[in-house]
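Everything below concerns the one structure shown next.
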Number of protein chains: 2
Amino acid sequence: MAESRRAKDALFEAISVMGKAFASPVRLELLDLLAQAPRTVDELARASGQTNANASQHLQALHAAGLVTREREGTRVRYALAGDEALALWLALREASAVRLAEVERAARDYLGEDVEAVGRDELVERLARGDVVLVDVRPAEEFAAGHIEGARSIPLEELERRLAELPPDHEVVAYSRGPFCAYAHDAVRRLRAAGRNARRLEDGWPEWRLSHEPARHHRAA
Amino acid sequence: MAESRRAKDALFEAISVMGKAFASPVRLELLDLLAQAPRTVDELARASGQTNANASQHLQALHAAGLVTREREGTRVRYALAGDEALALWLALREASAVRLAEVERAARDYLGEDVEAVGRDELVERLARGDVVLVDVRPAEEFAAGHIEGARSIPLEELERRLAELPPDHEVVAYSRGPFCAYAHDAVRRLRAAGRNARRLEDGWPEWRLSHEPARHHRAA
DNA sequence: CAAGCTATCAACTGATCTATTGAATAACAA
DNA sequence: TTGTTATTCAATAGATCAGTTGATAGCTTG
């Protein structure tokens, strides 16, 4: 009986190793970045505003927790999410926290600014089939290269105004980015509307799309 | 830009409040117990081998993280999982850790003892429809009362040998319990086989079954 | 209201976690 | 080889967390 208690404790102890990985906001941001595309330590540190040493340490913690894989590429090291379980877990945590914690909702609104109208996945699929809309991926080009929704064209946010002419004026534009909490898509829609276009954002982003088995193309990062 | 960084930090900070809840083995065990049925602080403390004060503190942490609800019942307080998101999250963490962390797999084998043959959900549904098997819920009676697979009969593990006569000898017996890491079902199958019965365990338990929308009945705990 | 039980609070100790700093290592190129 | 860059290591100080203990508050019952 005491034996059984010890074995059970060991089991929960082992599971908590992965649980601890989700206890730091810095690690969550790293996971969120990796959900888009594999990246090197340096890129991750820059994108998350951390020192290289600190990012490296957190990445090692994520690695020990089995959530990321590590691959040497010459002088640099590229980290990537470890399988769909890791992605699913991060998305589930984000979703649950948005539903159950008012503070998350508030912080999200604060970060995203005024809400813009969204399109559901099903509606998008249907209208894409009809050739009714233009789908635009407004993430950085490398993330598009690492994987994107089939039929989307890549126009990174900072090139949006410059490349407006590429978008047929008689079609509605649907913009998507990293996920429901990514400011890029919101921003893109606001700017498209300011330019007189009819635009909405996809309700969530590339990782959610990929995970729900929608048709998608996979490339290696450039 | 600095403004945006601050807002983004606040967002990840808020999400990490929920993430921190998964960082302690004690809290994970409490979540696992609550996945079966709502319980009072005292029951949870006893079942997890913690002092009341410590269990109470961890439950408050889970409450602050939005993972459990709290309800006063006279002199006691009953905690319950907060919605399916909390359950889904715990199951996803357990699943991911079992897949990605060798140590979890090892600890699980150690706790469960020799592996016993399992039946998948689909096969069980099919054979239940044919009336081909007897489905037995070997969890404590209160957990059965709080919810169980439709068509199952409740025979708590410690009454198993005493009530063997209730099981038709010409049918295969399928036992299920709290989940894939619960020793009850394993133990039950081993004991049934020792008694000369043809028995297997369901590959996972009641919470997984309920979450995957299989037919189920819901009662309040006794 | 007094007794008895359940749950929570408050304070404290030891342990663990985080971010920073500066040094060390690994791969590569000249 | 030497220099260069990316990553990791080691040491540290401050912050946060975990579990214990003893006291307190809330509800129910006599």
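Within each chain, counting starts at residue 1; across the structure tokens, chains are named A, B, ... in the order shown, with ligands numbered 1 upward in that order.
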(message) Distance limit 9 Å, atoms considered: only C-alpha atoms (C1' of nucleotides). Which chain B residues sit that close to chain C? Return them as a PyMOL selection string.
(response) chain B and resi 41-42+52-53+56-57+75-77
Using all C-alpha atoms paired in order, least-squares fit chain A onto chain B and give me the moved copy as a PDB file with C-alpha atoms, in the first residue's frame.
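The result, stored in superposed_33.pdb:
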```pdb
ATOM      1  CA  MET A   1       6.231  49.307 -29.965  1.00  0.00           C
ATOM      2  CA  ALA A   2       7.338  49.208 -26.344  1.00  0.00           C
ATOM      3  CA  GLU A   3       3.658  49.566 -25.558  1.00  0.00           C
ATOM      4  CA  SER A   4       2.913  46.494 -27.628  1.00  0.00           C
ATOM      5  CA  ARG A   5       5.659  44.508 -25.920  1.00  0.00           C
ATOM      6  CA  ARG A   6       4.207  45.375 -22.538  1.00  0.00           C
ATOM      7  CA  ALA A   7       0.727  44.308 -23.595  1.00  0.00           C
ATOM      8  CA  LYS A   8       2.049  41.057 -25.026  1.00  0.00           C
ATOM      9  CA  ASP A   9       3.977  40.339 -21.829  1.00  0.00           C
ATOM     10  CA  ALA A  10       0.822  40.939 -19.820  1.00  0.00           C
ATOM     11  CA  LEU A  11      -1.029  38.449 -21.988  1.00  0.00           C
ATOM     12  CA  PHE A  12       1.505  35.660 -21.528  1.00  0.00           C
ATOM     13  CA  GLU A  13       1.745  36.513 -17.873  1.00  0.00           C
ATOM     14  CA  ALA A  14      -1.996  36.023 -17.532  1.00  0.00           C
ATOM     15  CA  ILE A  15      -1.942  32.715 -19.364  1.00  0.00           C
ATOM     16  CA  SER A  16       0.915  31.494 -17.209  1.00  0.00           C
ATOM     17  CA  VAL A  17      -1.357  31.832 -14.172  1.00  0.00           C
ATOM     18  CA  MET A  18      -3.171  28.765 -15.445  1.00  0.00           C
ATOM     19  CA  GLY A  19       0.072  27.127 -16.538  1.00  0.00           C
ATOM     20  CA  LYS A  20       1.516  27.367 -13.035  1.00  0.00           C
ATOM     21  CA  ALA A  21      -1.346  25.270 -11.748  1.00  0.00           C
ATOM     22  CA  PHE A  22       0.114  22.267 -13.565  1.00  0.00           C
ATOM     23  CA  ALA A  23       3.554  22.670 -12.033  1.00  0.00           C
ATOM     24  CA  SER A  24       2.950  20.691  -8.866  1.00  0.00           C
ATOM     25  CA  PRO A  25       2.465  16.919  -8.605  1.00  0.00           C
ATOM     26  CA  VAL A  26       0.069  17.400  -5.718  1.00  0.00           C
ATOM     27  CA  ARG A  27      -2.201  19.629  -7.792  1.00  0.00           C
ATOM     28  CA  LEU A  28      -2.078  17.158 -10.661  1.00  0.00           C
ATOM     29  CA  GLU A  29      -3.251  14.397  -8.378  1.00  0.00           C
ATOM     30  CA  LEU A  30      -6.076  16.601  -7.134  1.00  0.00           C
ATOM     31  CA  LEU A  31      -7.106  17.311 -10.713  1.00  0.00           C
ATOM     32  CA  ASP A  32      -7.017  13.609 -11.465  1.00  0.00           C
ATOM     33  CA  LEU A  33      -9.309  12.885  -8.531  1.00  0.00           C
ATOM     34  CA  LEU A  34     -11.679  15.673  -9.510  1.00  0.00           C
ATOM     35  CA  ALA A  35     -11.833  14.295 -13.038  1.00  0.00           C
ATOM     36  CA  GLN A  36     -13.867  11.434 -11.590  1.00  0.00           C
ATOM     37  CA  ALA A  37     -16.269  13.320  -9.386  1.00  0.00           C
ATOM     38  CA  PRO A  38     -16.609  16.504  -7.332  1.00  0.00           C
ATOM     39  CA  ARG A  39     -15.292  16.114  -3.803  1.00  0.00           C
ATOM     40  CA  THR A  40     -14.835  17.970  -0.553  1.00  0.00           C
ATOM     41  CA  VAL A  41     -11.504  19.219   0.747  1.00  0.00           C
ATOM     42  CA  ASP A  42     -11.440  16.509   3.345  1.00  0.00           C
ATOM     43  CA  GLU A  43     -12.060  13.719   0.859  1.00  0.00           C
ATOM     44  CA  LEU A  44      -9.425  15.076  -1.479  1.00  0.00           C
ATOM     45  CA  ALA A  45      -6.889  15.430   1.304  1.00  0.00           C
ATOM     46  CA  ARG A  46      -7.479  11.870   2.419  1.00  0.00           C
ATOM     47  CA  ALA A  47      -7.395  10.422  -1.086  1.00  0.00           C
ATOM     48  CA  SER A  48      -4.178  12.212  -1.968  1.00  0.00           C
ATOM     49  CA  GLY A  49      -2.404  11.702   1.337  1.00  0.00           C
ATOM     50  CA  GLN A  50      -2.100  15.384   2.127  1.00  0.00           C
ATOM     51  CA  THR A  51      -2.904  17.353   5.237  1.00  0.00           C
ATOM     52  CA  ASN A  52      -6.164  19.249   5.045  1.00  0.00           C
ATOM     53  CA  ALA A  53      -4.416  22.608   5.143  1.00  0.00           C
ATOM     54  CA  ASN A  54      -2.116  21.710   2.311  1.00  0.00           C
ATOM     55  CA  ALA A  55      -4.883  20.292   0.156  1.00  0.00           C
ATOM     56  CA  SER A  56      -6.953  23.393   0.822  1.00  0.00           C
ATOM     57  CA  GLN A  57      -4.126  25.654  -0.285  1.00  0.00           C
ATOM     58  CA  HIS A  58      -3.546  23.762  -3.490  1.00  0.00           C
ATOM     59  CA  LEU A  59      -7.259  23.751  -4.215  1.00  0.00           C
ATOM     60  CA  GLN A  60      -7.307  27.486  -3.778  1.00  0.00           C
ATOM     61  CA  ALA A  61      -4.443  27.743  -6.249  1.00  0.00           C
ATOM     62  CA  LEU A  62      -6.413  25.651  -8.728  1.00  0.00           C
ATOM     63  CA  HIS A  63      -9.401  27.875  -8.129  1.00  0.00           C
ATOM     64  CA  ALA A  64      -7.385  31.020  -8.790  1.00  0.00           C
ATOM     65  CA  ALA A  65      -6.161  29.395 -11.996  1.00  0.00           C
ATOM     66  CA  GLY A  66      -9.751  28.906 -13.115  1.00  0.00           C
ATOM     67  CA  LEU A  67      -9.498  25.128 -13.195  1.00  0.00           C
ATOM     68  CA  VAL A  68     -11.955  24.236 -10.445  1.00  0.00           C
ATOM     69  CA  THR A  69     -15.170  25.583  -9.030  1.00  0.00           C
ATOM     70  CA  ARG A  70     -15.979  25.810  -5.349  1.00  0.00           C
ATOM     71  CA  GLU A  71     -19.348  25.346  -3.685  1.00  0.00           C
ATOM     72  CA  ARG A  72     -20.232  25.552  -0.030  1.00  0.00           C
ATOM     73  CA  GLU A  73     -22.341  22.697   1.317  1.00  0.00           C
ATOM     74  CA  GLY A  74     -23.111  23.460   4.908  1.00  0.00           C
ATOM     75  CA  THR A  75     -19.932  22.995   6.840  1.00  0.00           C
ATOM     76  CA  ARG A  76     -17.963  21.606   3.945  1.00  0.00           C
ATOM     77  CA  VAL A  77     -16.780  22.877   0.569  1.00  0.00           C
ATOM     78  CA  ARG A  78     -17.115  20.829  -2.571  1.00  0.00           C
ATOM     79  CA  TYR A  79     -14.666  21.366  -5.392  1.00  0.00           C
ATOM     80  CA  ALA A  80     -15.283  20.306  -8.999  1.00  0.00           C
ATOM     81  CA  LEU A  81     -13.472  20.619 -12.304  1.00  0.00           C
ATOM     82  CA  ALA A  82     -14.390  23.862 -14.060  1.00  0.00           C
ATOM     83  CA  GLY A  83     -15.914  22.818 -17.342  1.00  0.00           C
ATOM     84  CA  ASP A  84     -14.658  20.477 -20.002  1.00  0.00           C
ATOM     85  CA  GLU A  85     -11.714  22.717 -20.819  1.00  0.00           C
ATOM     86  CA  ALA A  86     -10.074  21.881 -17.511  1.00  0.00           C
ATOM     87  CA  LEU A  87     -10.646  18.173 -18.012  1.00  0.00           C
ATOM     88  CA  ALA A  88      -9.446  18.268 -21.598  1.00  0.00           C
ATOM     89  CA  LEU A  89      -6.338  20.118 -20.553  1.00  0.00           C
ATOM     90  CA  TRP A  90      -5.432  17.653 -17.838  1.00  0.00           C
ATOM     91  CA  LEU A  91      -6.009  14.688 -20.133  1.00  0.00           C
ATOM     92  CA  ALA A  92      -3.936  16.316 -22.868  1.00  0.00           C
ATOM     93  CA  LEU A  93      -1.078  16.928 -20.466  1.00  0.00           C
ATOM     94  CA  ARG A  94      -1.169  13.362 -19.204  1.00  0.00           C
ATOM     95  CA  GLU A  95      -1.290  12.014 -22.734  1.00  0.00           C
ATOM     96  CA  ALA A  96       1.502  14.236 -24.029  1.00  0.00           C
ATOM     97  CA  SER A  97       3.731  13.480 -21.077  1.00  0.00           C
ATOM     98  CA  ALA A  98       3.231   9.746 -21.563  1.00  0.00           C
ATOM     99  CA  VAL A  99       4.191  10.036 -25.219  1.00  0.00           C
ATOM    100  CA  ARG A 100       7.132  12.413 -24.900  1.00  0.00           C
ATOM    101  CA  LEU A 101       8.655  11.620 -21.520  1.00  0.00           C
ATOM    102  CA  ALA A 102      10.200   8.208 -21.069  1.00  0.00           C
ATOM    103  CA  GLU A 103      10.206   8.733 -17.319  1.00  0.00           C
ATOM    104  CA  VAL A 104       6.406   8.975 -17.256  1.00  0.00           C
ATOM    105  CA  GLU A 105       6.047   5.769 -19.200  1.00  0.00           C
ATOM    106  CA  ARG A 106       8.457   4.051 -16.862  1.00  0.00           C
ATOM    107  CA  ALA A 107       6.704   5.344 -13.747  1.00  0.00           C
ATOM    108  CA  ALA A 108       3.352   4.275 -15.167  1.00  0.00           C
ATOM    109  CA  ARG A 109       4.552   0.743 -15.850  1.00  0.00           C
ATOM    110  CA  ASP A 110       6.021   0.645 -12.399  1.00  0.00           C
ATOM    111  CA  TYR A 111       2.744   1.707 -10.820  1.00  0.00           C
ATOM    112  CA  LEU A 112       0.418  -0.423 -12.947  1.00  0.00           C
ATOM    113  CA  GLY A 113       2.374  -3.640 -12.810  1.00  0.00           C
ATOM    114  CA  GLU A 114       2.346  -6.192 -15.573  1.00  0.00           C
ATOM    115  CA  ASP A 115       0.385  -4.978 -18.565  1.00  0.00           C
ATOM    116  CA  VAL A 116      -3.022  -6.525 -19.223  1.00  0.00           C
ATOM    117  CA  GLU A 117      -4.759  -6.763 -22.557  1.00  0.00           C
ATOM    118  CA  ALA A 118      -6.914  -3.749 -23.443  1.00  0.00           C
ATOM    119  CA  VAL A 119     -10.025  -3.152 -25.551  1.00  0.00           C
ATOM    120  CA  GLY A 120     -10.423  -0.055 -27.684  1.00  0.00           C
ATOM    121  CA  ARG A 121     -13.445   2.201 -27.396  1.00  0.00           C
ATOM    122  CA  ASP A 122     -14.776   1.345 -30.834  1.00  0.00           C
ATOM    123  CA  GLU A 123     -14.586  -2.368 -30.274  1.00  0.00           C
ATOM    124  CA  LEU A 124     -16.334  -1.992 -26.943  1.00  0.00           C
ATOM    125  CA  VAL A 125     -19.196  -0.003 -28.451  1.00  0.00           C
ATOM    126  CA  GLU A 126     -19.678  -2.626 -31.113  1.00  0.00           C
ATOM    127  CA  ARG A 127     -19.628  -5.557 -28.729  1.00  0.00           C
ATOM    128  CA  LEU A 128     -21.868  -3.815 -26.233  1.00  0.00           C
ATOM    129  CA  ALA A 129     -24.392  -3.415 -29.051  1.00  0.00           C
ATOM    130  CA  ARG A 130     -24.190  -7.129 -29.716  1.00  0.00           C
ATOM    131  CA  GLY A 131     -24.666  -7.849 -26.010  1.00  0.00           C
ATOM    132  CA  ASP A 132     -21.454  -9.758 -26.214  1.00  0.00           C
ATOM    133  CA  VAL A 133     -19.651  -8.496 -23.152  1.00  0.00           C
ATOM    134  CA  VAL A 134     -20.298  -7.399 -19.588  1.00  0.00           C
ATOM    135  CA  LEU A 135     -18.970  -3.949 -18.767  1.00  0.00           C
ATOM    136  CA  VAL A 136     -17.894  -3.428 -15.186  1.00  0.00           C
ATOM    137  CA  ASP A 137     -17.045  -0.164 -13.486  1.00  0.00           C
ATOM    138  CA  VAL A 138     -14.600  -1.015 -10.706  1.00  0.00           C
ATOM    139  CA  ARG A 139     -14.291   2.464  -9.229  1.00  0.00           C
ATOM    140  CA  PRO A 140     -15.720   3.341  -5.799  1.00  0.00           C
ATOM    141  CA  ALA A 141     -19.501   3.514  -5.800  1.00  0.00           C
ATOM    142  CA  GLU A 142     -19.618   7.316  -5.352  1.00  0.00           C
ATOM    143  CA  GLU A 143     -17.666   7.820  -8.543  1.00  0.00           C
ATOM    144  CA  PHE A 144     -19.985   5.506 -10.412  1.00  0.00           C
ATOM    145  CA  ALA A 145     -22.904   7.488  -9.043  1.00  0.00           C
ATOM    146  CA  ALA A 146     -21.383  10.734 -10.270  1.00  0.00           C
ATOM    147  CA  GLY A 147     -21.262   9.436 -13.816  1.00  0.00           C
ATOM    148  CA  HIS A 148     -20.473   6.253 -15.712  1.00  0.00           C
ATOM    149  CA  ILE A 149     -20.557   4.569 -19.093  1.00  0.00           C
ATOM    150  CA  GLU A 150     -24.067   3.631 -20.109  1.00  0.00           C
ATOM    151  CA  GLY A 151     -24.644  -0.072 -19.692  1.00  0.00           C
ATOM    152  CA  ALA A 152     -21.938  -0.543 -17.096  1.00  0.00           C
ATOM    153  CA  ARG A 153     -22.600  -2.160 -13.762  1.00  0.00           C
ATOM    154  CA  SER A 154     -20.810  -1.010 -10.640  1.00  0.00           C
ATOM    155  CA  ILE A 155     -18.653  -3.494  -8.786  1.00  0.00           C
ATOM    156  CA  PRO A 156     -16.050  -1.640  -6.718  1.00  0.00           C
ATOM    157  CA  LEU A 157     -12.710  -3.364  -6.755  1.00  0.00           C
ATOM    158  CA  GLU A 158     -12.783  -4.517  -3.142  1.00  0.00           C
ATOM    159  CA  GLU A 159     -16.111  -6.317  -3.688  1.00  0.00           C
ATOM    160  CA  LEU A 160     -14.984  -8.039  -6.856  1.00  0.00           C
ATOM    161  CA  GLU A 161     -14.393 -11.575  -5.604  1.00  0.00           C
ATOM    162  CA  ARG A 162     -17.408 -11.482  -3.343  1.00  0.00           C
ATOM    163  CA  ARG A 163     -19.709 -10.549  -6.229  1.00  0.00           C
ATOM    164  CA  LEU A 164     -18.248 -12.769  -8.911  1.00  0.00           C
ATOM    165  CA  ALA A 165     -21.560 -14.621  -9.222  1.00  0.00           C
ATOM    166  CA  GLU A 166     -23.191 -11.520 -10.689  1.00  0.00           C
ATOM    167  CA  LEU A 167     -21.080 -11.877 -13.796  1.00  0.00           C
ATOM    168  CA  PRO A 168     -22.306 -14.400 -16.359  1.00  0.00           C
ATOM    169  CA  PRO A 169     -19.476 -16.918 -16.779  1.00  0.00           C
ATOM    170  CA  ASP A 170     -19.995 -17.296 -20.519  1.00  0.00           C
ATOM    171  CA  HIS A 171     -19.420 -13.607 -21.285  1.00  0.00           C
ATOM    172  CA  GLU A 172     -16.183 -11.758 -21.575  1.00  0.00           C
ATOM    173  CA  VAL A 173     -15.787  -9.084 -18.900  1.00  0.00           C
ATOM    174  CA  VAL A 174     -14.453  -5.620 -19.693  1.00  0.00           C
ATOM    175  CA  ALA A 175     -13.350  -3.603 -16.686  1.00  0.00           C
ATOM    176  CA  TYR A 176     -12.734   0.124 -16.635  1.00  0.00           C
ATOM    177  CA  SER A 177     -11.766   2.624 -13.992  1.00  0.00           C
ATOM    178  CA  ARG A 178     -10.412   6.156 -13.764  1.00  0.00           C
ATOM    179  CA  GLY A 179      -8.200   6.150 -16.811  1.00  0.00           C
ATOM    180  CA  PRO A 180      -5.273   4.483 -18.530  1.00  0.00           C
ATOM    181  CA  PHE A 181      -3.041   5.174 -15.524  1.00  0.00           C
ATOM    182  CA  CYS A 182      -5.483   3.866 -12.936  1.00  0.00           C
ATOM    183  CA  ALA A 183      -4.403   0.637 -11.327  1.00  0.00           C
ATOM    184  CA  TYR A 184      -7.965  -0.472 -10.515  1.00  0.00           C
ATOM    185  CA  ALA A 185      -8.821  -1.808 -13.960  1.00  0.00           C
ATOM    186  CA  HIS A 186      -5.493  -3.590 -14.293  1.00  0.00           C
ATOM    187  CA  ASP A 187      -5.943  -5.121 -10.905  1.00  0.00           C
ATOM    188  CA  ALA A 188      -9.501  -6.147 -11.626  1.00  0.00           C
ATOM    189  CA  VAL A 189      -8.558  -7.933 -14.832  1.00  0.00           C
ATOM    190  CA  ARG A 190      -5.745  -9.818 -13.144  1.00  0.00           C
ATOM    191  CA  ARG A 191      -8.073 -10.929 -10.392  1.00  0.00           C
ATOM    192  CA  LEU A 192     -10.838 -11.926 -12.802  1.00  0.00           C
ATOM    193  CA  ARG A 193      -8.375 -13.994 -14.797  1.00  0.00           C
ATOM    194  CA  ALA A 194      -7.127 -15.617 -11.622  1.00  0.00           C
ATOM    195  CA  ALA A 195     -10.755 -16.602 -11.028  1.00  0.00           C
ATOM    196  CA  GLY A 196     -10.889 -18.223 -14.427  1.00  0.00           C
ATOM    197  CA  ARG A 197     -12.795 -15.493 -16.230  1.00  0.00           C
ATOM    198  CA  ASN A 198     -12.136 -14.099 -19.658  1.00  0.00           C
ATOM    199  CA  ALA A 199     -11.404 -10.450 -18.993  1.00  0.00           C
ATOM    200  CA  ARG A 200      -9.794  -7.378 -20.504  1.00  0.00           C
ATOM    201  CA  ARG A 201      -9.624  -3.728 -19.529  1.00  0.00           C
ATOM    202  CA  LEU A 202     -10.964  -0.749 -21.443  1.00  0.00           C
ATOM    203  CA  GLU A 203      -7.983   1.154 -22.815  1.00  0.00           C
ATOM    204  CA  ASP A 204      -8.978   4.276 -20.950  1.00  0.00           C
ATOM    205  CA  GLY A 205     -11.474   5.355 -18.323  1.00  0.00           C
ATOM    206  CA  TRP A 206     -14.634   7.271 -17.633  1.00  0.00           C
ATOM    207  CA  PRO A 207     -13.390  10.847 -18.112  1.00  0.00           C
ATOM    208  CA  GLU A 208     -12.007  10.077 -21.570  1.00  0.00           C
ATOM    209  CA  TRP A 209     -15.205   8.310 -22.510  1.00  0.00           C
ATOM    210  CA  ARG A 210     -17.376  11.167 -21.405  1.00  0.00           C
ATOM    211  CA  LEU A 211     -15.259  13.758 -23.163  1.00  0.00           C
ATOM    212  CA  SER A 212     -15.441  11.941 -26.470  1.00  0.00           C
ATOM    213  CA  HIS A 213     -19.244  12.306 -26.435  1.00  0.00           C
ATOM    214  CA  GLU A 214     -20.084   8.669 -26.127  1.00  0.00           C
ATOM    215  CA  PRO A 215     -23.512   7.948 -24.667  1.00  0.00           C
ATOM    216  CA  ALA A 216     -23.347   8.414 -20.936  1.00  0.00           C
ATOM    217  CA  ARG A 217     -25.564   9.041 -17.981  1.00  0.00           C
ATOM    218  CA  HIS A 218     -25.036  11.843 -15.530  1.00  0.00           C
ATOM    219  CA  HIS A 219     -26.079  11.711 -11.913  1.00  0.00           C
ATOM    220  CA  ARG A 220     -25.264  13.896  -8.996  1.00  0.00           C
ATOM    221  CA  ALA A 221     -22.882  12.443  -6.442  1.00  0.00           C
ATOM    222  CA  ALA A 222     -24.670  10.683  -3.609  1.00  0.00           C
TER     223      ALA A 222
END
```
(request) Output as a ChimeraX atom specification the set of chain D residues within 8 Å of chain B, with distances taken over only C-alpha atoms (C1' of nucleotides). (result) /D:19,26-28
(request) Please run DSSP on the backbone and report, as an MDAnalysis selection string, all residues within stretch 3-160 of chain B that come out as helix (DSSP H, G or I). (result) chainID B and resid 3:21 25:34 41:48 52:64 83:100 102:112 121:129 141:146 157:159
